[in-house]
Amino acid sequence: MADSTLFIAVDFGTSYTGYCFQFKEGKQIRNPKWGLEYGYDTPKTPTCILFDEDGEFLKFGYDAVMTYTRLTPRVKAQNLYYFDNFKMELYGKRLHRDLMITAKNGGKMKAMKVFSESLKYMKNHALEMIAKHTHGRKYMASDATWVLTVPAIWNAAAKQFMREAAVEAGLVTQSDPERLIVALEPEGASVWCKTLPSEGFMEGDLEEADKIEDVPGTQYMVVDCGGTKEWDDTALQNPLTLKKGPDAM
């Protein structure tokens, strides 16, 4: 990771997916907006992916939703492979690379392909977006350290499946696995929250501090109200160490 020039974090959600990026030498974190061409303005795009009748990738996100539901005649749409809310297909199952999941038309496709094509789309979108902010300078996936979020309830097999999907998608290579960080969703949110300014965030003893991480002993709770409900209650033992779980209350 020492030679990475930027960091790209992908939040692969049950209902919505998004990413943000930051250059190693910069402080600003950029998060693109989605759905503007359809009248939306959101920090994430729906976790939906569309393949043609031959199983070739067509669209992801709002593009997939609109193409499948509005722009394609119903008769033709029935021949397309459309997946939504498929992330939790990895939960509580015996996982292997040949695991099949079911599309809206009843057709089946390998889960590895569905997940890897989704991540490939996010990778390509991120690199194109970064080029727009660097006067057209082209960055490659190998220039970045990638962070991929997963639910805390997932077991080791599900996390490994996502690692393999990331390799399949071209985020990292098998020979350079340290460029991929698999992060637990509630822990990632908790780390972010402790860097937030205290003003307007909490009351009481934090009023004189710049950030909540500057006040050891502070307790706060992070609740993820997305497709997968999770929580993380945390006590700051010191500015660098987090204590989480029931004992933190």
# chains A, B, ... in the order shown; residues from 1 in each chain; ligands from 1
>>> residues_around(residues="stretch 59-67 of chain A", least_positions_apart="6", cutoff="7 Å", atoms="only C-alpha atoms", output="list in words")
Gly35, Thr45, Pro46, Thr47, Cys48, Ile49, Leu50 and Ser118 of chain A
>>> select_by_dssp(residues="stretch 43-220 of chain A", states="helix (DSSP H, G or I)", output="ChimeraX atom specification")
/A:62-71,74-77,87-90,111-132,141-143,156-169,177-179,185-193,205-208,212-214
>>> atom_distance(atom1="atom CA of A:Pro177", atom2="atom CA of A:Leu127")
19.1 Å
>>> atom_distance(atom1="atom CA of A:Glu53", atom2="atom CA of A:Asn79")
5.4 Å
>>> closest_atom_pairs(of="stretch 135-166 of chain A", to="stretch 180-200 of chain A", cutoff="10 Å", atoms="only C-alpha atoms", output="CSV")
residue,atom,partner,partner_atom,distance
A:Ala144,CA,A:Leu180,CA,9.0
A:Thr145,CA,A:Leu180,CA,6.0
A:Trp146,CA,A:Leu180,CA,4.8
A:Val147,CA,A:Ile181,CA,4.7
A:Leu148,CA,A:Val182,CA,4.9
A:Thr149,CA,A:Ala183,CA,4.7
A:Val150,CA,A:Leu184,CA,5.2
A:Pro151,CA,A:Glu185,CA,5.5
A:Ala152,CA,A:Leu184,CA,5.2
A:Ile153,CA,A:Leu184,CA,8.9
A:Trp154,CA,A:Leu184,CA,9.1
A:Lys159,CA,A:Val182,CA,7.4
A:Gln160,CA,A:Val182,CA,9.2
A:Met162,CA,A:Val182,CA,8.4
A:Arg163,CA,A:Val182,CA,7.6
A:Ala166,CA,A:Leu180,CA,8.3
>>> write_last_selection(atoms="all heavy atoms", output="CSV table (one decimal), in the first residue's frame")
chain,number,residue,atom,x,y,z
A,144,ALA,N,-4.2,2.2,-7.1
A,144,ALA,CA,-5.0,2.5,-5.9
A,144,ALA,C,-4.9,1.3,-4.9
A,144,ALA,O,-4.7,0.2,-5.2
A,144,ALA,CB,-6.4,2.7,-6.3
A,145,THR,N,-5.2,1.7,-3.6
A,145,THR,CA,-5.6,0.8,-2.6
A,145,THR,C,-7.1,0.8,-2.5
A,145,THR,O,-7.7,1.9,-2.4
A,145,THR,CB,-5.0,1.1,-1.2
A,145,THR,OG1,-3.6,0.9,-1.3
A,145,THR,CG2,-5.5,0.2,-0.1
A,146,TRP,N,-7.7,-0.4,-2.6
A,146,TRP,CA,-9.2,-0.5,-2.7
A,146,TRP,C,-9.7,-0.9,-1.3
A,146,TRP,O,-9.1,-1.8,-0.7
A,146,TRP,CB,-9.6,-1.5,-3.7
A,146,TRP,CG,-9.2,-1.0,-5.1
A,146,TRP,CD1,-8.0,-1.2,-5.7
A,146,TRP,CD2,-10.1,-0.4,-6.0
A,146,TRP,NE1,-8.1,-0.6,-7.0
A,146,TRP,CE2,-9.3,-0.1,-7.2
A,146,TRP,CE3,-11.4,0.1,-6.0
A,146,TRP,CZ2,-9.9,0.5,-8.3
A,146,TRP,CZ3,-12.0,0.7,-7.1
A,146,TRP,CH2,-11.2,0.9,-8.3
A,147,VAL,N,-10.8,-0.3,-0.9
A,147,VAL,CA,-11.5,-0.7,0.3
A,147,VAL,C,-12.9,-1.2,-0.1
A,147,VAL,O,-13.6,-0.5,-0.8
A,147,VAL,CB,-11.6,0.4,1.4
A,147,VAL,CG1,-12.3,0.0,2.6
A,147,VAL,CG2,-10.2,1.0,1.7
A,148,LEU,N,-13.2,-2.4,0.3
A,148,LEU,CA,-14.5,-3.0,0.0
A,148,LEU,C,-15.2,-3.3,1.3
A,148,LEU,O,-14.7,-4.1,2.1
A,148,LEU,CB,-14.3,-4.2,-0.9
A,148,LEU,CG,-15.5,-5.0,-1.4
A,148,LEU,CD1,-16.4,-4.0,-2.2
A,148,LEU,CD2,-15.1,-6.2,-2.2
A,149,THR,N,-16.4,-2.8,1.5
A,149,THR,CA,-17.2,-3.0,2.7
A,149,THR,C,-18.0,-4.3,2.6
A,149,THR,O,-18.5,-4.6,1.6
A,149,THR,CB,-18.1,-1.8,3.1
A,149,THR,OG1,-19.1,-1.7,2.0
A,149,THR,CG2,-17.3,-0.6,3.2
A,150,VAL,N,-18.1,-5.0,3.7
A,150,VAL,CA,-19.0,-6.2,3.8
A,150,VAL,C,-19.7,-6.1,5.2
A,150,VAL,O,-19.3,-5.5,6.1
A,150,VAL,CB,-18.1,-7.5,3.7
A,150,VAL,CG1,-17.4,-7.6,2.4
A,150,VAL,CG2,-17.2,-7.6,4.9
A,151,PRO,N,-20.9,-6.8,5.3
A,151,PRO,CA,-21.6,-6.8,6.5
A,151,PRO,C,-20.8,-7.5,7.6
A,151,PRO,O,-20.1,-8.5,7.3
A,151,PRO,CB,-22.9,-7.6,6.2
A,151,PRO,CG,-23.0,-7.5,4.7
A,151,PRO,CD,-21.6,-7.5,4.2
A,152,ALA,N,-21.0,-7.1,8.8
A,152,ALA,CA,-20.3,-7.7,10.0
A,152,ALA,C,-20.8,-9.1,10.2
A,152,ALA,O,-20.1,-9.9,10.8
A,152,ALA,CB,-20.5,-6.9,11.2
A,153,ILE,N,-22.0,-9.4,9.7
A,153,ILE,CA,-22.6,-10.8,10.0
A,153,ILE,C,-22.0,-11.8,9.0
A,153,ILE,O,-22.3,-13.0,9.2
A,153,ILE,CB,-24.1,-10.7,9.9
A,153,ILE,CG1,-24.6,-10.3,8.6
A,153,ILE,CG2,-24.7,-9.9,11.1
A,153,ILE,CD1,-26.1,-10.3,8.4
A,154,TRP,N,-21.3,-11.4,8.0
A,154,TRP,CA,-20.8,-12.4,7.0
A,154,TRP,C,-19.7,-13.2,7.6
A,154,TRP,O,-18.8,-12.7,8.4
A,154,TRP,CB,-20.3,-11.6,5.8
A,154,TRP,CG,-21.4,-11.3,4.8
A,154,TRP,CD1,-22.7,-11.4,5.0
A,154,TRP,CD2,-21.2,-10.9,3.4
A,154,TRP,NE1,-23.4,-11.0,3.9
A,154,TRP,CE2,-22.5,-10.7,2.9
A,154,TRP,CE3,-20.1,-10.6,2.7
A,154,TRP,CZ2,-22.7,-10.3,1.6
A,154,TRP,CZ3,-20.3,-10.1,1.4
A,154,TRP,CH2,-21.6,-10.0,0.8
A,159,LYS,N,-16.6,-13.4,2.9
A,159,LYS,CA,-15.6,-12.3,2.7
A,159,LYS,C,-14.6,-12.8,1.7
A,159,LYS,O,-14.2,-12.0,0.8
A,159,LYS,CB,-14.9,-12.0,4.0
A,159,LYS,CG,-15.8,-11.5,5.1
A,159,LYS,CD,-15.1,-11.4,6.5
A,159,LYS,CE,-16.1,-11.0,7.5
A,159,LYS,NZ,-15.4,-11.0,8.9
A,160,GLN,N,-14.2,-14.1,1.7
A,160,GLN,CA,-13.3,-14.6,0.7
A,160,GLN,C,-13.9,-14.5,-0.7
A,160,GLN,O,-13.2,-14.3,-1.7
A,160,GLN,CB,-12.9,-16.0,1.0
A,160,GLN,CG,-11.9,-16.7,0.1
A,160,GLN,CD,-10.6,-15.9,-0.1
A,160,GLN,OE1,-10.2,-15.2,0.8
A,160,GLN,NE2,-10.0,-16.0,-1.2
A,162,MET,N,-16.0,-12.3,-1.8
A,162,MET,CA,-15.9,-10.9,-2.3
A,162,MET,C,-14.5,-10.6,-2.7
A,162,MET,O,-14.3,-9.9,-3.7
A,162,MET,CB,-16.4,-10.0,-1.2
A,162,MET,CG,-17.9,-10.0,-0.9
A,162,MET,SD,-18.9,-9.7,-2.4
A,162,MET,CE,-18.5,-7.9,-2.6
A,163,ARG,N,-13.5,-11.2,-2.0
A,163,ARG,CA,-12.1,-11.0,-2.4
A,163,ARG,C,-11.9,-11.5,-3.8
A,163,ARG,O,-11.2,-10.9,-4.7
A,163,ARG,CB,-11.1,-11.6,-1.4
A,163,ARG,CG,-10.9,-10.8,-0.1
A,163,ARG,CD,-9.9,-11.5,0.7
A,163,ARG,NE,-9.6,-10.6,1.9
A,163,ARG,CZ,-8.7,-9.6,1.9
A,163,ARG,NH1,-8.1,-9.2,0.8
A,163,ARG,NH2,-8.5,-8.9,3.0
A,166,ALA,N,-13.4,-9.4,-6.4
A,166,ALA,CA,-12.7,-8.2,-6.6
A,166,ALA,C,-11.5,-8.5,-7.6
A,166,ALA,O,-11.1,-7.7,-8.4
A,166,ALA,CB,-12.2,-7.6,-5.3
>>> residues_around(residues="A:Lys104", least_positions_apart="6", cutoff="12 Å", atoms="only C-alpha atoms", output="list in words")
Cys48, Ile49, Leu50, Phe51, Tyr68, Thr69, Ala77, Gln78, Asn79, Leu80, Tyr81, Tyr82, Phe83, Asp84, Asn85 and Phe86 of chain A
>>> write_last_selection(atoms="N, CA, C and O atoms", output="PDB file, in the first residue's frame")
ATOM      1  N   CYS A  48     -28.358  -2.878  -8.650  1.00  0.00           N
ATOM      2  CA  CYS A  48     -29.090  -3.638  -9.668  1.00  0.00           C
ATOM      3  C   CYS A  48     -28.192  -3.787 -10.885  1.00  0.00           C
ATOM      4  O   CYS A  48     -27.485  -2.845 -11.252  1.00  0.00           O
ATOM      5  N   ILE A  49     -28.229  -4.948 -11.505  1.00  0.00           N
ATOM      6  CA  ILE A  49     -27.388  -5.193 -12.669  1.00  0.00           C
ATOM      7  C   ILE A  49     -28.195  -5.923 -13.732  1.00  0.00           C
ATOM      8  O   ILE A  49     -29.054  -6.750 -13.412  1.00  0.00           O
ATOM      9  N   LEU A  50     -27.934  -5.581 -14.987  1.00  0.00           N
ATOM     10  CA  LEU A  50     -28.704  -6.125 -16.112  1.00  0.00           C
ATOM     11  C   LEU A  50     -27.762  -6.757 -17.133  1.00  0.00           C
ATOM     12  O   LEU A  50     -26.755  -6.163 -17.520  1.00  0.00           O
ATOM     13  N   PHE A  51     -28.108  -7.988 -17.541  1.00  0.00           N
ATOM     14  CA  PHE A  51     -27.374  -8.707 -18.576  1.00  0.00           C
ATOM     15  C   PHE A  51     -28.320  -8.988 -19.743  1.00  0.00           C
ATOM     16  O   PHE A  51     -29.540  -9.107 -19.553  1.00  0.00           O
ATOM     17  N   TYR A  68     -34.465  -1.667 -17.747  1.00  0.00           N
ATOM     18  CA  TYR A  68     -35.290  -2.865 -17.559  1.00  0.00           C
ATOM     19  C   TYR A  68     -36.771  -2.529 -17.368  1.00  0.00           C
ATOM     20  O   TYR A  68     -37.642  -3.215 -17.900  1.00  0.00           O
ATOM     21  N   THR A  69     -37.068  -1.474 -16.617  1.00  0.00           N
ATOM     22  CA  THR A  69     -38.455  -1.188 -16.256  1.00  0.00           C
ATOM     23  C   THR A  69     -39.168  -0.224 -17.195  1.00  0.00           C
ATOM     24  O   THR A  69     -40.395  -0.260 -17.308  1.00  0.00           O
ATOM     25  N   ALA A  77     -37.876  -7.672 -22.316  1.00  0.00           N
ATOM     26  CA  ALA A  77     -37.315  -7.621 -20.968  1.00  0.00           C
ATOM     27  C   ALA A  77     -37.339  -8.994 -20.309  1.00  0.00           C
ATOM     28  O   ALA A  77     -36.477  -9.313 -19.487  1.00  0.00           O
ATOM     29  N   GLN A  78     -38.306  -9.819 -20.670  1.00  0.00           N
ATOM     30  CA  GLN A  78     -38.405 -11.155 -20.076  1.00  0.00           C
ATOM     31  C   GLN A  78     -37.228 -12.047 -20.460  1.00  0.00           C
ATOM     32  O   GLN A  78     -36.985 -13.066 -19.811  1.00  0.00           O
ATOM     33  N   ASN A  79     -36.502 -11.654 -21.503  1.00  0.00           N
ATOM     34  CA  ASN A  79     -35.341 -12.434 -21.924  1.00  0.00           C
ATOM     35  C   ASN A  79     -34.044 -11.940 -21.287  1.00  0.00           C
ATOM     36  O   ASN A  79     -32.990 -12.554 -21.474  1.00  0.00           O
ATOM     37  N   LEU A  80     -34.138 -10.833 -20.556  1.00  0.00           N
ATOM     38  CA  LEU A  80     -32.953 -10.253 -19.943  1.00  0.00           C
ATOM     39  C   LEU A  80     -32.767 -10.775 -18.519  1.00  0.00           C
ATOM     40  O   LEU A  80     -33.725 -11.132 -17.837  1.00  0.00           O
ATOM     41  N   TYR A  81     -31.504 -10.796 -18.083  1.00  0.00           N
ATOM     42  CA  TYR A  81     -31.176 -11.226 -16.721  1.00  0.00           C
ATOM     43  C   TYR A  81     -31.017  -9.972 -15.859  1.00  0.00           C
ATOM     44  O   TYR A  81     -30.056  -9.223 -16.000  1.00  0.00           O
ATOM     45  N   TYR A  82     -31.991  -9.769 -14.976  1.00  0.00           N
ATOM     46  CA  TYR A  82     -31.993  -8.593 -14.120  1.00  0.00           C
ATOM     47  C   TYR A  82     -31.914  -9.033 -12.661  1.00  0.00           C
ATOM     48  O   TYR A  82     -32.731  -9.826 -12.192  1.00  0.00           O
ATOM     49  N   PHE A  83     -30.925  -8.522 -11.951  1.00  0.00           N
ATOM     50  CA  PHE A  83     -30.722  -8.872 -10.542  1.00  0.00           C
ATOM     51  C   PHE A  83     -30.797  -7.607  -9.693  1.00  0.00           C
ATOM     52  O   PHE A  83     -30.196  -6.590 -10.029  1.00  0.00           O
ATOM     53  N   ASP A  84     -31.527  -7.674  -8.596  1.00  0.00           N
ATOM     54  CA  ASP A  84     -31.527  -6.586  -7.626  1.00  0.00           C
ATOM     55  C   ASP A  84     -31.520  -7.187  -6.221  1.00  0.00           C
ATOM     56  O   ASP A  84     -31.927  -8.324  -6.007  1.00  0.00           O
ATOM     57  N   ASN A  85     -31.002  -6.413  -5.277  1.00  0.00           N
ATOM     58  CA  ASN A  85     -30.938  -6.870  -3.875  1.00  0.00           C
ATOM     59  C   ASN A  85     -30.333  -8.271  -3.750  1.00  0.00           C
ATOM     60  O   ASN A  85     -30.815  -9.101  -2.973  1.00  0.00           O
ATOM     61  N   PHE A  86     -29.294  -8.516  -4.510  1.00  0.00           N
ATOM     62  CA  PHE A  86     -28.712  -9.863  -4.556  1.00  0.00           C
ATOM     63  C   PHE A  86     -27.548 -10.055  -3.590  1.00  0.00           C
ATOM     64  O   PHE A  86     -27.062 -11.178  -3.420  1.00  0.00           O
TER      65      PHE A  86
END
>>> residues_around(residues="A:Met109", least_positions_apart="2", cutoff="9 Å", atoms="only C-alpha atoms", output="list in words")
Gly55, Tyr81, Leu99, Met100, Ile101, Thr102, Ala103, Gly107, Ala111, Met112, Lys113 and Val114 of chain A
>>> select_by_dssp(residues="stretch 6-106 of chain A", states="strand (DSSP E or B)", output="ChimeraX atom specification")
/A:6-12,16-23,30,34,42,45-46,48-51,57-60,81-84,100-102
>>> atom_distance(atom1="atom CA of A:Ala157", atom2="atom CA of A:Phe7")
25.2 Å
>>> closest_residue(among="A:Pro32, A:Pro73, A:Gly106, A:Gly217", to="A:Ala126", atoms="only C-alpha atoms")
A:Pro32
